[in-house]
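Structure file run-v3.cif (mmCIF, C-alpha atoms and all ligand atoms) follows.
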```cif
data_run
#
loop_
_atom_site.label_atom_id
_atom_site.label_comp_id
_atom_site.auth_asym_id
_atom_site.auth_seq_id
_atom_site.Cartn_x
_atom_site.Cartn_y
_atom_site.Cartn_z
CA MET A 4 -9.12 23.21 -13.39
CA ASP A 5 -6.49 20.99 -11.78
CA ILE A 6 -5.52 17.95 -13.80
CA LEU A 7 -5.22 14.99 -11.43
CA ASP A 8 -2.19 13.30 -12.94
CA GLY A 9 -2.55 9.63 -12.10
CA LYS A 10 0.40 8.64 -14.23
CA ALA A 11 2.89 10.72 -12.23
CA LEU A 12 1.45 9.65 -8.87
CA ALA A 13 1.39 5.99 -9.90
CA LEU A 14 5.07 6.17 -10.87
CA GLU A 15 5.88 7.72 -7.50
CA ARG A 16 3.87 5.09 -5.61
CA ARG A 17 5.39 2.22 -7.55
CA ALA A 18 8.91 3.51 -6.87
CA ALA A 19 8.13 3.76 -3.15
CA LEU A 20 6.70 0.22 -3.19
CA ALA A 21 9.87 -1.09 -4.86
CA VAL A 22 11.95 0.41 -2.04
CA TRP A 23 9.54 -1.00 0.56
CA VAL A 24 9.92 -4.50 -0.89
CA GLN A 25 13.70 -4.22 -1.26
CA GLU A 26 14.08 -3.24 2.39
CA ARG A 27 12.18 -6.32 3.58
CA LEU A 28 13.34 -8.92 1.08
CA SER A 29 15.89 -10.60 3.32
CA VAL A 30 13.48 -10.85 6.26
CA ALA A 31 10.71 -12.21 4.02
CA GLY A 32 13.06 -14.72 2.41
CA ARG A 33 11.42 -14.50 -1.01
CA PRO A 34 10.01 -11.85 -3.37
CA PRO A 35 6.27 -11.14 -3.72
CA GLY A 36 4.64 -13.39 -6.32
CA LEU A 37 1.78 -12.45 -8.64
CA SER A 38 0.15 -14.71 -11.19
CA VAL A 39 -2.11 -13.32 -13.91
CA LEU A 40 -4.37 -15.69 -15.79
CA VAL A 41 -5.54 -14.60 -19.22
CA ALA A 42 -8.03 -16.71 -21.12
CA GLY A 43 -8.66 -15.94 -24.78
CA ASP A 44 -7.23 -13.29 -27.03
CA ASP A 45 -8.99 -10.04 -26.11
CA ALA A 46 -6.69 -7.28 -27.45
CA ALA A 47 -7.50 -4.78 -24.67
CA SER A 48 -6.81 -7.45 -22.01
CA ALA A 49 -3.44 -8.21 -23.59
CA THR A 50 -2.46 -4.52 -23.36
CA TYR A 51 -3.54 -4.24 -19.71
CA VAL A 52 -1.72 -7.45 -18.80
CA ARG A 53 1.53 -6.23 -20.40
CA SER A 54 1.32 -3.03 -18.33
CA LYS A 55 0.74 -5.09 -15.17
CA GLU A 56 3.70 -7.35 -16.00
CA ARG A 57 6.04 -4.37 -16.49
CA ALA A 58 4.82 -2.65 -13.32
CA ALA A 59 5.25 -5.85 -11.29
CA ALA A 60 8.86 -6.31 -12.43
CA LYS A 61 9.69 -2.70 -11.52
CA ALA A 62 8.15 -3.10 -8.05
CA GLY A 63 10.29 -6.17 -7.32
CA ILE A 64 7.35 -8.57 -7.77
CA GLN A 65 7.96 -11.93 -9.37
CA GLY A 66 5.21 -11.84 -11.98
CA GLU A 67 4.02 -14.63 -14.23
CA VAL A 68 1.39 -14.49 -16.90
CA GLN A 69 -0.42 -17.66 -17.91
CA ASN A 70 -1.85 -17.19 -21.39
CA LEU A 71 -4.60 -19.77 -21.67
CA PRO A 72 -6.38 -20.78 -24.87
CA ALA A 73 -9.81 -19.21 -25.49
CA GLY A 74 -11.29 -22.71 -25.50
CA ILE A 75 -10.03 -23.62 -22.01
CA SER A 76 -12.65 -25.54 -20.05
CA GLN A 77 -14.08 -24.35 -16.76
CA ASN A 78 -12.52 -27.32 -14.95
CA GLU A 79 -9.11 -26.71 -16.45
CA LEU A 80 -9.19 -23.05 -15.39
CA LEU A 81 -10.36 -24.00 -11.89
CA ALA A 82 -7.50 -26.53 -11.66
CA ARG A 83 -5.00 -23.76 -12.54
CA ILE A 84 -6.44 -21.60 -9.77
CA HIS A 85 -6.32 -24.42 -7.23
CA ALA A 86 -2.65 -25.03 -8.09
CA LEU A 87 -1.88 -21.33 -7.55
CA ASN A 88 -3.82 -21.34 -4.28
CA ALA A 89 -1.48 -24.09 -3.06
CA ASP A 90 1.72 -22.45 -4.38
CA GLU A 91 3.56 -20.82 -1.46
CA ALA A 92 5.50 -18.48 -3.74
CA ILE A 93 2.29 -16.84 -4.99
CA ASP A 94 0.73 -13.98 -3.01
CA GLY A 95 -1.66 -12.68 -5.62
CA ILE A 96 -3.85 -14.34 -8.23
CA LEU A 97 -5.60 -12.23 -10.81
CA VAL A 98 -7.96 -13.49 -13.48
CA GLN A 99 -8.12 -10.96 -16.29
CA LEU A 100 -11.73 -10.06 -17.11
CA PRO A 101 -13.74 -10.38 -19.23
CA LEU A 102 -13.51 -14.16 -19.52
CA PRO A 103 -14.74 -15.89 -22.69
CA LYS A 104 -18.53 -16.06 -22.35
CA GLU A 105 -18.61 -19.86 -22.12
CA LEU A 106 -16.90 -19.67 -18.72
CA ASP A 107 -18.69 -19.04 -15.43
CA GLU A 108 -17.00 -15.90 -14.11
CA ASN A 109 -18.50 -16.09 -10.62
CA GLU A 110 -17.36 -19.67 -10.09
CA VAL A 111 -13.86 -18.77 -11.28
CA LEU A 112 -13.54 -15.73 -9.01
CA ASP A 113 -14.98 -17.67 -6.05
CA ALA A 114 -12.27 -20.32 -6.51
CA ILE A 115 -9.44 -17.88 -5.75
CA ASP A 116 -8.16 -18.15 -2.17
CA PRO A 117 -9.47 -14.91 -0.54
CA GLU A 118 -5.98 -14.50 0.98
CA LYS A 119 -4.57 -14.22 -2.55
CA ASP A 120 -7.44 -12.24 -4.07
CA VAL A 121 -5.53 -9.05 -4.88
CA ASP A 122 -8.45 -7.73 -6.94
CA GLY A 123 -10.78 -7.89 -3.94
CA PHE A 124 -13.54 -9.53 -6.02
CA HIS A 125 -14.07 -12.63 -3.86
CA PRO A 126 -17.45 -12.39 -2.09
CA SER A 127 -15.81 -12.77 1.32
CA ASN A 128 -13.59 -9.78 0.55
CA SER A 129 -16.32 -7.63 -1.00
CA GLY A 130 -18.64 -8.54 1.90
CA ALA A 131 -15.96 -7.63 4.44
CA LEU A 132 -15.43 -4.32 2.64
CA TRP A 133 -19.12 -3.44 3.06
CA GLN A 134 -18.84 -4.30 6.75
CA GLN A 135 -15.86 -1.93 7.06
CA ARG A 136 -13.46 -4.72 7.97
CA GLY A 137 -12.01 -5.45 4.55
CA ARG A 138 -8.31 -6.17 4.17
CA VAL A 139 -8.30 -5.66 0.43
CA ALA A 140 -10.31 -3.31 -1.79
CA PRO A 141 -10.67 -3.46 -5.58
CA CYS A 142 -7.79 -1.72 -7.32
CA THR A 143 -9.63 0.93 -9.34
CA PRO A 144 -11.69 2.47 -6.51
CA LEU A 145 -8.83 2.18 -4.01
CA GLY A 146 -6.49 3.83 -6.53
CA ILE A 147 -9.00 6.67 -6.86
CA MET A 148 -9.06 7.12 -3.07
CA HIS A 149 -5.24 7.34 -3.10
CA LEU A 150 -5.39 9.91 -5.92
CA LEU A 151 -7.93 12.05 -4.05
CA ALA A 152 -5.89 11.87 -0.83
CA ALA A 153 -2.66 12.78 -2.62
CA HIS A 154 -4.37 15.92 -3.96
CA ASN A 155 -5.86 16.77 -0.55
CA ILE A 156 -9.37 16.48 -1.92
CA GLU A 157 -11.58 16.08 1.13
CA VAL A 158 -14.70 13.98 0.61
CA CYS A 159 -16.11 14.13 4.15
CA GLY A 160 -19.57 15.72 4.08
CA LYS A 161 -19.51 16.09 0.28
CA HIS A 162 -22.18 14.76 -2.03
CA ALA A 163 -20.51 12.12 -4.22
CA VAL A 164 -22.36 10.61 -7.16
CA VAL A 165 -20.98 7.36 -8.54
CA VAL A 166 -22.34 6.67 -12.01
CA GLY A 167 -22.21 2.90 -12.60
CA ARG A 168 -22.87 0.01 -10.22
CA SER A 169 -20.55 -2.79 -11.31
CA ASN A 170 -18.96 -5.07 -8.71
CA ILE A 171 -15.50 -4.03 -9.83
CA VAL A 172 -15.86 -0.24 -9.85
CA GLY A 173 -19.17 1.43 -8.95
CA ARG A 174 -20.23 -0.50 -5.85
CA PRO A 175 -16.86 -0.67 -4.06
CA MET A 176 -16.23 2.99 -5.03
CA ALA A 177 -19.45 3.99 -3.28
CA GLU A 178 -18.46 2.04 -0.15
CA LEU A 179 -14.95 3.55 0.02
CA LEU A 180 -16.39 7.06 -0.31
CA LEU A 181 -18.97 6.24 2.36
CA GLN A 182 -16.19 5.08 4.68
CA LYS A 183 -14.64 8.53 4.27
CA ASN A 184 -17.97 10.10 5.24
CA ALA A 185 -19.14 11.31 1.84
CA THR A 186 -22.89 11.30 1.23
CA VAL A 187 -23.06 8.87 -1.64
CA THR A 188 -25.58 8.35 -4.42
CA ILE A 189 -25.19 5.53 -6.94
CA ALA A 190 -26.63 6.17 -10.40
CA HIS A 191 -27.15 3.61 -13.15
CA SER A 192 -28.95 3.10 -16.44
CA ARG A 193 -32.39 3.23 -14.77
CA THR A 194 -31.69 6.48 -12.94
CA THR A 195 -34.21 9.10 -13.98
CA ASP A 196 -32.90 12.59 -14.64
CA LEU A 197 -29.16 12.09 -14.20
CA PRO A 198 -28.43 15.75 -15.11
CA ASN A 199 -30.58 16.91 -12.18
CA LEU A 200 -28.88 14.47 -9.81
CA LEU A 201 -25.43 15.55 -10.94
CA SER A 202 -26.26 19.23 -10.47
CA SER A 203 -25.91 18.75 -6.69
CA ALA A 204 -22.75 16.60 -6.78
CA ASP A 205 -19.47 17.88 -5.36
CA LEU A 206 -17.68 14.79 -6.69
CA VAL A 207 -18.66 12.68 -9.69
CA VAL A 208 -17.08 9.32 -10.42
CA SER A 209 -18.15 8.01 -13.80
CA ALA A 210 -17.74 4.30 -14.59
CA VAL A 211 -20.15 3.88 -17.48
CA GLY A 212 -18.04 3.25 -20.57
CA ARG A 213 -19.66 5.77 -22.95
CA ALA A 214 -17.47 8.36 -24.63
CA GLY A 215 -18.26 11.95 -23.66
CA PHE A 216 -21.45 10.89 -21.85
CA ILE A 217 -21.29 13.32 -18.90
CA GLN A 218 -21.90 16.85 -20.10
CA PRO A 219 -20.21 19.84 -18.40
CA GLU A 220 -23.53 21.72 -18.28
CA TRP A 221 -25.01 19.03 -15.99
CA LEU A 222 -22.37 19.70 -13.33
CA LYS A 223 -22.13 21.96 -10.29
CA PRO A 224 -19.41 24.64 -10.41
CA GLY A 225 -16.32 23.45 -8.51
CA VAL A 226 -17.11 19.75 -8.98
CA VAL A 227 -14.31 17.17 -8.91
CA CYS A 228 -14.57 14.76 -11.87
CA ILE A 229 -13.11 11.27 -11.71
CA ASP A 230 -13.25 9.53 -15.07
CA VAL A 231 -13.00 5.74 -14.94
CA GLY A 232 -14.37 5.18 -18.44
CA ILE A 233 -12.09 3.90 -21.15
CA ASN A 234 -13.57 4.33 -24.60
CA ARG A 235 -11.89 4.02 -27.96
CA VAL A 236 -12.92 6.69 -30.47
CA ASP A 237 -11.17 6.85 -33.86
CA GLY A 238 -8.21 4.96 -32.41
CA ARG A 239 -7.92 7.33 -29.41
CA LEU A 240 -8.75 6.62 -25.78
CA VAL A 241 -11.29 8.97 -24.22
CA GLY A 242 -13.24 8.97 -20.98
CA ASP A 243 -16.90 9.29 -20.01
CA PHE A 244 -16.77 13.05 -19.41
CA GLN A 245 -17.04 15.44 -22.28
CA TRP A 246 -13.68 17.13 -21.86
CA GLN A 247 -14.48 20.20 -23.94
CA GLY A 248 -15.95 22.84 -21.65
CA LEU A 249 -15.19 20.87 -18.49
CA GLU A 250 -12.50 23.38 -17.49
CA ASN A 251 -15.22 26.06 -17.17
CA VAL A 252 -17.05 24.18 -14.42
CA ALA A 253 -14.80 21.60 -12.70
CA SER A 254 -12.20 22.41 -10.06
CA ALA A 255 -10.29 19.19 -10.82
CA ALA A 256 -10.52 16.24 -13.21
CA THR A 257 -8.65 13.09 -14.14
CA PRO A 258 -7.50 12.84 -17.76
CA VAL A 259 -8.04 9.78 -19.95
CA PRO A 260 -5.53 8.34 -20.51
CA GLY A 261 -3.19 9.09 -17.60
CA GLY A 262 -5.67 9.40 -14.73
CA VAL A 263 -7.39 6.44 -13.11
CA GLY A 264 -5.84 3.68 -15.27
CA PRO A 265 -2.23 4.00 -14.00
CA MET A 266 -3.52 4.27 -10.41
CA THR A 267 -5.36 0.96 -10.87
CA ILE A 268 -2.10 -0.77 -11.78
CA ALA A 269 -0.13 0.86 -8.95
CA THR A 270 -2.84 -0.30 -6.53
CA LEU A 271 -2.62 -3.85 -7.84
CA MET A 272 1.08 -3.74 -6.93
CA HIS A 273 0.15 -2.32 -3.52
CA ASN A 274 -2.40 -5.09 -2.88
CA THR A 275 0.04 -7.80 -3.97
CA ILE A 276 2.78 -6.47 -1.72
CA ALA A 277 0.36 -6.15 1.21
CA SER A 278 -0.64 -9.79 0.67
CA TRP A 279 3.06 -10.80 0.57
CA ALA A 280 3.69 -8.92 3.81
CA ARG A 281 0.87 -10.87 5.49
CA HIS A 282 1.97 -14.23 4.08
CA CYS A 283 5.58 -13.68 5.15
CA GLY A 284 4.60 -12.49 8.62
CA LEU A 285 6.08 -9.00 8.19
CA ASP A 286 5.03 -6.64 10.95
CA SER A 287 3.88 -3.82 8.67
CA SER A 288 2.06 -3.20 5.42
CA PRO A 289 2.77 -0.68 2.64
CA THR A 290 0.79 2.56 2.97
N1 LIG B 301 -9.40 2.99 -15.67
C1 LIG B 301 -9.47 1.76 -15.14
O1 LIG B 301 -8.57 1.30 -14.46
C2 LIG B 301 -10.72 0.97 -15.35
C3 LIG B 301 -10.99 -0.15 -14.57
C4 LIG B 301 -12.20 -0.82 -14.75
C5 LIG B 301 -13.09 -0.38 -15.72
N2 LIG B 301 -12.75 0.70 -16.50
C6 LIG B 301 -13.69 1.24 -17.50
O2 LIG B 301 -14.78 1.82 -16.78
C7 LIG B 301 -15.98 1.67 -17.51
C8 LIG B 301 -16.98 0.95 -16.66
O3 LIG B 301 -16.49 -0.34 -16.34
P1 LIG B 301 -17.38 -1.41 -15.57
O4 LIG B 301 -16.67 -2.69 -15.62
O5 LIG B 301 -17.81 -0.85 -14.27
O6 LIG B 301 -18.63 -1.47 -16.61
P2 LIG B 301 -20.04 -2.17 -16.57
O7 LIG B 301 -20.01 -3.39 -15.72
O8 LIG B 301 -20.47 -2.27 -17.99
O9 LIG B 301 -20.96 -1.09 -15.83
C9 LIG B 301 -21.36 0.08 -16.46
C10 LIG B 301 -22.34 0.77 -15.57
O10 LIG B 301 -22.79 1.95 -16.24
C11 LIG B 301 -24.20 2.07 -16.06
N3 LIG B 301 -24.81 2.80 -17.16
C12 LIG B 301 -24.94 2.42 -18.45
N4 LIG B 301 -25.61 3.35 -19.15
C13 LIG B 301 -25.92 4.33 -18.27
C14 LIG B 301 -26.64 5.54 -18.39
N5 LIG B 301 -27.17 5.95 -19.54
N6 LIG B 301 -26.77 6.32 -17.29
C15 LIG B 301 -26.26 5.93 -16.10
N7 LIG B 301 -25.57 4.78 -15.94
C16 LIG B 301 -25.40 3.99 -17.01
C17 LIG B 301 -24.71 0.64 -16.03
O11 LIG B 301 -25.97 0.60 -15.40
P3 LIG B 301 -26.81 -0.77 -15.20
O12 LIG B 301 -26.17 -1.45 -14.02
O13 LIG B 301 -28.18 -0.30 -14.93
O14 LIG B 301 -26.66 -1.54 -16.46
C18 LIG B 301 -23.60 -0.06 -15.25
O15 LIG B 301 -23.84 -0.05 -13.87
C19 LIG B 301 -15.58 0.96 -18.80
O16 LIG B 301 -15.29 1.93 -19.78
C20 LIG B 301 -14.30 0.23 -18.42
O17 LIG B 301 -13.46 0.00 -19.53
C21 LIG B 301 -11.61 1.38 -16.32
#
```
What is this structure when it is put down as structure tokens?
Amino acid sequence: MDILDGKALALERRAALAVWVQERLSVAGRPPGLSVLVAGDDAASATYVRSKERAAAKAGIQGEVQNLPAGISQNELLARIHALNADEAIDGILVQLPLPKELDENEVLDAIDPEKDVDGFHPSNSGALWQQRGRVAPCTPLGIMHLLAAHNIEVCGKHAVVVGRSNIVGRPMAELLLQKNATVTIAHSRTTDLPNLLSSADLVVSAVGRAGFIQPEWLKPGVVCIDVGINRVDGRLVGDFQWQGLENVASAATPVPGGVGPMTIATLMHNTIASWARHCGLDSSPT
């Protein structure tokens, strides 16, 4: 079983992005700018945001993190977003999810200028993605597509099952696979007989969030397993696939940690730099 090392590929991609930015800095006249808004004190969010901050600095992106109190009002948060929308030095605005439950997440995400929506969560961007004319795709599924391409894993004509149907992972993942001509099935908590469905899958992407949920004996020999799940068990991070025994059936799999997570961050840098290139009128975009 090949281990699809997202950490190594993400490092490579981030280094290439840093060079890409450096080479265009004088023409652009300013560095790319990314602002991350964090409301509340979710420990997992704080860890993810620190990783994003470090990655941004290494890619030559001017990053700022706004740590907002958990009790911030909806209007105050919207005002912060409007100020960033108007700030010409900012190319990307990211609101770290989940937001405290008192806040209306949809209204917050809708307030971000679609031109600066580097997460691709704004309805005009997700709608455009489904019409195959999107300029930005959500970081986790796009990062997975980059990982598959880097390992020459062809999805055209393959049966791909995406387990999970969230707006941030499952749905856009299905669309990106469809655009590459996979035959895609989306499974969710109401799917009957998931093991039977998975037995015909050439590629399984799991974005459920349940440790060891997908059993190796449900899978078709030669399957490619992409594990989006991040679950904490006894202080360790594990994915959605039961790792033990997976090597007997899968041809390739992403580890947790070190698979999809680092690719998500590298793709956020990619999306921010692509947004910068558009805003500064550069004649190309990073690949
Ligand atoms: N590595 C990364 O970069 C990254 C990025 C984002 C998320 N994640 C992780 O990925 C996981 C999923 O995230 P998310 O935001 O997409 O989660 P989410 O919004 O909670 O969605 C989970 C999905 O799993 C489905 N599900 C739950 N139980 C199921 C079952 N028994 N059988 C089949 N499907 C089932 C749910 O179905 P229903 O719709 O029917 O409820 C839902 O669609 C989490 O562990 C999260 O931490 C990782």
Any idea what's packed within 9 Å of A:Ala204, counting only C-alpha atoms, ignoring anything in its chain fewer than 2 positions away? Could you give it as a short mmCIF file (atom, residue, chain, number, x, y, z; two decimals) with C-alpha atoms, keeping the file's coordinate frame?
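Everything below was put into result-v6.cif:
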```
data_model
loop_
_atom_site.label_atom_id
_atom_site.label_comp_id
_atom_site.auth_asym_id
_atom_site.auth_seq_id
_atom_site.Cartn_x
_atom_site.Cartn_y
_atom_site.Cartn_z
CA LYS A 161 -19.51 16.09 0.28
CA HIS A 162 -22.18 14.76 -2.03
CA ALA A 163 -20.51 12.12 -4.22
CA VAL A 164 -22.36 10.61 -7.16
CA LEU A 200 -28.88 14.47 -9.81
CA LEU A 201 -25.43 15.55 -10.94
CA SER A 202 -26.26 19.23 -10.47
CA LEU A 206 -17.68 14.79 -6.69
CA VAL A 207 -18.66 12.68 -9.69
CA LEU A 222 -22.37 19.70 -13.33
CA LYS A 223 -22.13 21.96 -10.29
CA VAL A 226 -17.11 19.75 -8.98
CA VAL A 227 -14.31 17.17 -8.91
#
```
Counting all atoms listed in the file, what residues are within 6 Å of ligand LIG 301 (chain B), given as a compact mmCIF listing (two decimals) with C-alpha atoms, keeping the file's coordinate frame?
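Result file follows (selection.txt):
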```txt
# COMPACT_ATOMS: atom_id res chain seq x y z
CA THR A 143 -9.63 0.93 -9.34
CA VAL A 166 -22.34 6.67 -12.01
CA GLY A 167 -22.21 2.90 -12.60
CA ARG A 168 -22.87 0.01 -10.22
CA SER A 169 -20.55 -2.79 -11.31
CA ILE A 171 -15.50 -4.03 -9.83
CA VAL A 172 -15.86 -0.24 -9.85
CA GLY A 173 -19.17 1.43 -8.95
CA ALA A 190 -26.63 6.17 -10.40
CA HIS A 191 -27.15 3.61 -13.15
CA SER A 192 -28.95 3.10 -16.44
CA ARG A 193 -32.39 3.23 -14.77
CA ALA A 210 -17.74 4.30 -14.59
CA VAL A 211 -20.15 3.88 -17.48
CA GLY A 212 -18.04 3.25 -20.57
CA VAL A 231 -13.00 5.74 -14.94
CA GLY A 232 -14.37 5.18 -18.44
CA ILE A 233 -12.09 3.90 -21.15
CA ASN A 234 -13.57 4.33 -24.60
CA VAL A 263 -7.39 6.44 -13.11
CA GLY A 264 -5.84 3.68 -15.27
CA THR A 267 -5.36 0.96 -10.87
```
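The space between atom CA of A:Asp5 and atom CA of A:Ile156 spans 11.2 Å.
Taking all atoms listed in the file into account, A:Ala18 lies nearest to A:Ala59 out of the set A:Ala49, A:Ala92, A:Leu197, A:Ala59.
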Taken to one decimal, the atom CA of A:Leu145-atom CA of A:Asp44 distance is 27.8 Å
*asked:* Given only C-alpha atoms as the basis, pick out the residue of A:His154, A:Lys10, A:Arg27, A:Arg281 nearest to A:Arg138.
replied: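 Selected residue with least distance to A:Arg138: A:Arg281.
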**Q.** Nearest residue to A:Gly262 from the set A:His149, A:Arg83, A:Arg174, A:Arg235 (distances using all atoms listed in the file)
**A.**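 Of A:His149, A:Arg83, A:Arg174, A:Arg235, the one nearest A:Gly262 is A:His149, counting all atoms listed in the file.
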Adding 8 Å on each side of the box along x, y and z that holds all listed atoms of stretch 255-268 of chain A, could you give its centre and edge lengths in Å to one decimal, as AutoDock Vina command-line options?
```
--center_x -6.3 --center_y 9.2 --center_z -15.5 --size_x 24.4 --size_y 36.0 --size_z 26.1
```
Leaving out A:Ala31 and any residue of its chain fewer than 3 positions from it, which residues lie within 12 Å of it when counting all atoms listed in the file, given as number ranges by chain?
A: 23-28, 34-35, 92, 276, 279-287
Original post:
Which residues, written as a list in words, have at least one atom at most 8 Å from stretch 64-80 of chain A, with all atoms listed in the file counted and residues fewer than 4 positions away on the same chain left out?
Top reply: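 Everything that qualifies: Pro34, Pro35, Gly36, Leu37, Ser38, Val39, Leu40, Val41, Ala42, Gly43, Asp44, Val52, Glu56, Ala59, Ala60, Ile84, Pro103, Leu106, Asp107, Val111, Met272 and Ile276 of chain A.
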**Asked** Which is closer to A:Glu91 than all the others in A:Gln245, A:Gln135, A:Gly225, A:Ser278, using all atoms listed in the file?
**Response**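 Smallest distance to A:Glu91 is found for A:Ser278.
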Please report the interatomic distance between atom CA of A:Asp243 and atom CA of A:Trp221 in Å with one decimal.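 Computing it gives 13.3 Å between the two atoms.
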Closest-contact table, stretch 173-226 of chain A side, partner stretch 122-129 of chain A, 12 Å, counting only C-alpha atoms, as CSV:
```
residue,atom,partner,partner_atom,distance
A:Arg174,CA,A:Ser129,CA,9.5
A:Pro175,CA,A:Ser129,CA,7.6
A:Met176,CA,A:Ser129,CA,11.4
A:Glu178,CA,A:Ser129,CA,9.9
A:Leu179,CA,A:Ser129,CA,11.3
```
| task | Would you list the contacts of A:Val121 as a ChimeraX atom specification, taking every protein, DNA or RNA residue within 6 Å and counting only C-alpha atoms, but skipping same-chain residues closer than 3 positions in sequence? | result | /A:95,274-275
